[in-house]
Amino acid sequence: SSRVLGEILATLLTPPSRTMALLVARRAAAAARPVVWGPGRHPFAGWRALAAAAGASEDTSECPFRAALAGGQCYKLFETPEAVALLNTHPQAPRGSVVVLPRQSGGFASIFEMPDEEAAVFVQHVPRAAKMVQEALEAESVCCLPQAEGEYPHVHVLPGRSQGGEATELGVPSVAFDSTGTQWEALAAEIRARDGGPDSP
């Protein structure tokens, strides 16, 4: 049950990740709306198999991450010196899906290859994105999944069941950032409006 979030997050042992985890737990408890996370020493230790089993379908023929960071079409939800949160506009991705990625890959193609301390630098911003998505979509929960494959480290933030809606299927979605249209602009604006900043309660 997602109600045991605090107990699950307490298993994160590295100091930066543990601090982040406890912050997510406090925020989730205060909002009475759970945020789904995963156990392990590394923020995503042991999740490679889960991500693969969830049905990876990321397109690696090009790198949409580098294209977006280089100034290509995308909807930025927030950015910090360490990370960027982008709206995933792929038609197969659940509505309101967000991708959090580091500004610099450090030469790593995957979050699983990154040392704990380097991964924690950008992963610490995932709770901020999760809170924004959960509130904007009025979701009962949020699922944060690491990439299953790809050429750039990133984390998926997926909204769970919205009030009165169907549950989101657990799976690693395809990624695209270059879609355009008023519907995407409106959705991005709605999610941005929920941003209280990195230190919001």
# chains A, B, ... in the order shown; residues from 1 in each chain; ligands from 1
call {"tool": "residues_around", "arguments": {"residues": "stretch 97-113 of chain A", "least_positions_apart": "2", "cutoff": "8 Å", "atoms": "only C-alpha atoms", "output": "ChimeraX atom specification"}}
result
/A:44-45,48,65,69,81-89,93-95,115,119,122-123,125-126,129,133,146-147,149-159
call {"tool": "closest_residue", "arguments": {"among": "A:Met132, A:Leu145, A:Glu118, A:Gly171", "to": "A:Phe78", "atoms": "only C-alpha atoms"}}
result
A:Met132
call {"tool": "closest_residue", "arguments": {"among": "A:Pro198, A:Thr80, A:Ala136, A:Asp116", "to": "A:Ala186", "atoms": "only C-alpha atoms"}}
result
A:Ala136
call {"tool": "closest_residue", "arguments": {"among": "A:Glu190, A:Ala67, A:Lys76, A:Val172", "to": "A:Gln134", "atoms": "only C-alpha atoms"}}
result
A:Glu190
call {"tool": "residues_around", "arguments": {"residues": "A:Pro91", "least_positions_apart": "5", "cutoff": "10 Å", "atoms": "only C-alpha atoms", "output": "list in words"}}
result
Pro173, Ser174, Val175, Ala176 and Ser179 of chain A
call {"tool": "atom_distance", "arguments": {"atom1": "atom CA of A:Gln92", "atom2": "atom CA of A:Asp178"}}
result
13.9 Å
call {"tool": "select_by_dssp", "arguments": {"residues": "stretch 52-109 of chain A", "states": "alpha helix (DSSP H)", "output": "ChimeraX atom specification"}}
result
/A:52-53,64-69
call {"tool": "write_last_selection", "arguments": {"atoms": "all heavy atoms", "output": "PDB file, in the first residue's frame"}}
result
ATOM      1  N   ALA A  52      12.170  -2.467 -16.966  1.00  0.00           N
ATOM      2  CA  ALA A  52      12.120  -3.294 -18.163  1.00  0.00           C
ATOM      3  C   ALA A  52      10.823  -4.081 -18.219  1.00  0.00           C
ATOM      4  O   ALA A  52      10.174  -4.182 -19.267  1.00  0.00           O
ATOM      5  CB  ALA A  52      13.319  -4.245 -18.183  1.00  0.00           C
ATOM      6  N   ALA A  53      10.401  -4.621 -17.065  1.00  0.00           N
ATOM      7  CA  ALA A  53       9.168  -5.396 -17.029  1.00  0.00           C
ATOM      8  C   ALA A  53       7.949  -4.526 -17.281  1.00  0.00           C
ATOM      9  O   ALA A  53       6.918  -5.002 -17.740  1.00  0.00           O
ATOM     10  CB  ALA A  53       9.034  -6.099 -15.673  1.00  0.00           C
ATOM     11  N   PRO A  64      15.976  13.010 -27.965  1.00  0.00           N
ATOM     12  CA  PRO A  64      15.121  14.170 -27.706  1.00  0.00           C
ATOM     13  C   PRO A  64      15.583  14.981 -26.500  1.00  0.00           C
ATOM     14  O   PRO A  64      15.296  16.174 -26.403  1.00  0.00           O
ATOM     15  CB  PRO A  64      13.738  13.547 -27.461  1.00  0.00           C
ATOM     16  CG  PRO A  64      14.034  12.148 -27.002  1.00  0.00           C
ATOM     17  CD  PRO A  64      15.268  11.737 -27.748  1.00  0.00           C
ATOM     18  N   PHE A  65      16.314  14.354 -25.588  1.00  0.00           N
ATOM     19  CA  PHE A  65      16.785  15.045 -24.393  1.00  0.00           C
ATOM     20  C   PHE A  65      17.812  16.114 -24.752  1.00  0.00           C
ATOM     21  O   PHE A  65      17.699  17.271 -24.342  1.00  0.00           O
ATOM     22  CB  PHE A  65      17.376  14.034 -23.414  1.00  0.00           C
ATOM     23  CG  PHE A  65      16.464  12.883 -23.117  1.00  0.00           C
ATOM     24  CD1 PHE A  65      16.601  11.680 -23.789  1.00  0.00           C
ATOM     25  CD2 PHE A  65      15.453  13.009 -22.184  1.00  0.00           C
ATOM     26  CE1 PHE A  65      15.746  10.624 -23.535  1.00  0.00           C
ATOM     27  CE2 PHE A  65      14.586  11.962 -21.917  1.00  0.00           C
ATOM     28  CZ  PHE A  65      14.738  10.754 -22.605  1.00  0.00           C
ATOM     29  N   ARG A  66      18.798  15.711 -25.526  1.00  0.00           N
ATOM     30  CA  ARG A  66      19.820  16.668 -25.938  1.00  0.00           C
ATOM     31  C   ARG A  66      19.230  17.742 -26.846  1.00  0.00           C
ATOM     32  O   ARG A  66      19.641  18.908 -26.796  1.00  0.00           O
ATOM     33  CB  ARG A  66      20.978  15.947 -26.623  1.00  0.00           C
ATOM     34  CG  ARG A  66      21.814  15.107 -25.670  1.00  0.00           C
ATOM     35  CD  ARG A  66      23.038  14.521 -26.344  1.00  0.00           C
ATOM     36  NE  ARG A  66      23.886  13.829 -25.387  1.00  0.00           N
ATOM     37  CZ  ARG A  66      23.721  12.563 -25.024  1.00  0.00           C
ATOM     38  NH1 ARG A  66      22.734  11.860 -25.556  1.00  0.00           N
ATOM     39  NH2 ARG A  66      24.526  12.001 -24.140  1.00  0.00           N
ATOM     40  N   ALA A  67      18.272  17.359 -27.680  1.00  0.00           N
ATOM     41  CA  ALA A  67      17.638  18.342 -28.562  1.00  0.00           C
ATOM     42  C   ALA A  67      16.917  19.409 -27.748  1.00  0.00           C
ATOM     43  O   ALA A  67      17.012  20.610 -28.030  1.00  0.00           O
ATOM     44  CB  ALA A  67      16.661  17.642 -29.507  1.00  0.00           C
ATOM     45  N   ALA A  68      16.192  18.984 -26.713  1.00  0.00           N
ATOM     46  CA  ALA A  68      15.470  19.938 -25.866  1.00  0.00           C
ATOM     47  C   ALA A  68      16.438  20.832 -25.101  1.00  0.00           C
ATOM     48  O   ALA A  68      16.236  22.051 -25.008  1.00  0.00           O
ATOM     49  CB  ALA A  68      14.561  19.181 -24.897  1.00  0.00           C
ATOM     50  N   LEU A  69      17.505  20.246 -24.573  1.00  0.00           N
ATOM     51  CA  LEU A  69      18.480  21.028 -23.820  1.00  0.00           C
ATOM     52  C   LEU A  69      19.234  22.013 -24.703  1.00  0.00           C
ATOM     53  O   LEU A  69      19.723  23.040 -24.230  1.00  0.00           O
ATOM     54  CB  LEU A  69      19.474  20.094 -23.128  1.00  0.00           C
ATOM     55  CG  LEU A  69      18.909  19.262 -21.963  1.00  0.00           C
ATOM     56  CD1 LEU A  69      19.930  18.245 -21.499  1.00  0.00           C
ATOM     57  CD2 LEU A  69      18.481  20.158 -20.808  1.00  0.00           C
TER      58      LEU A  69
END
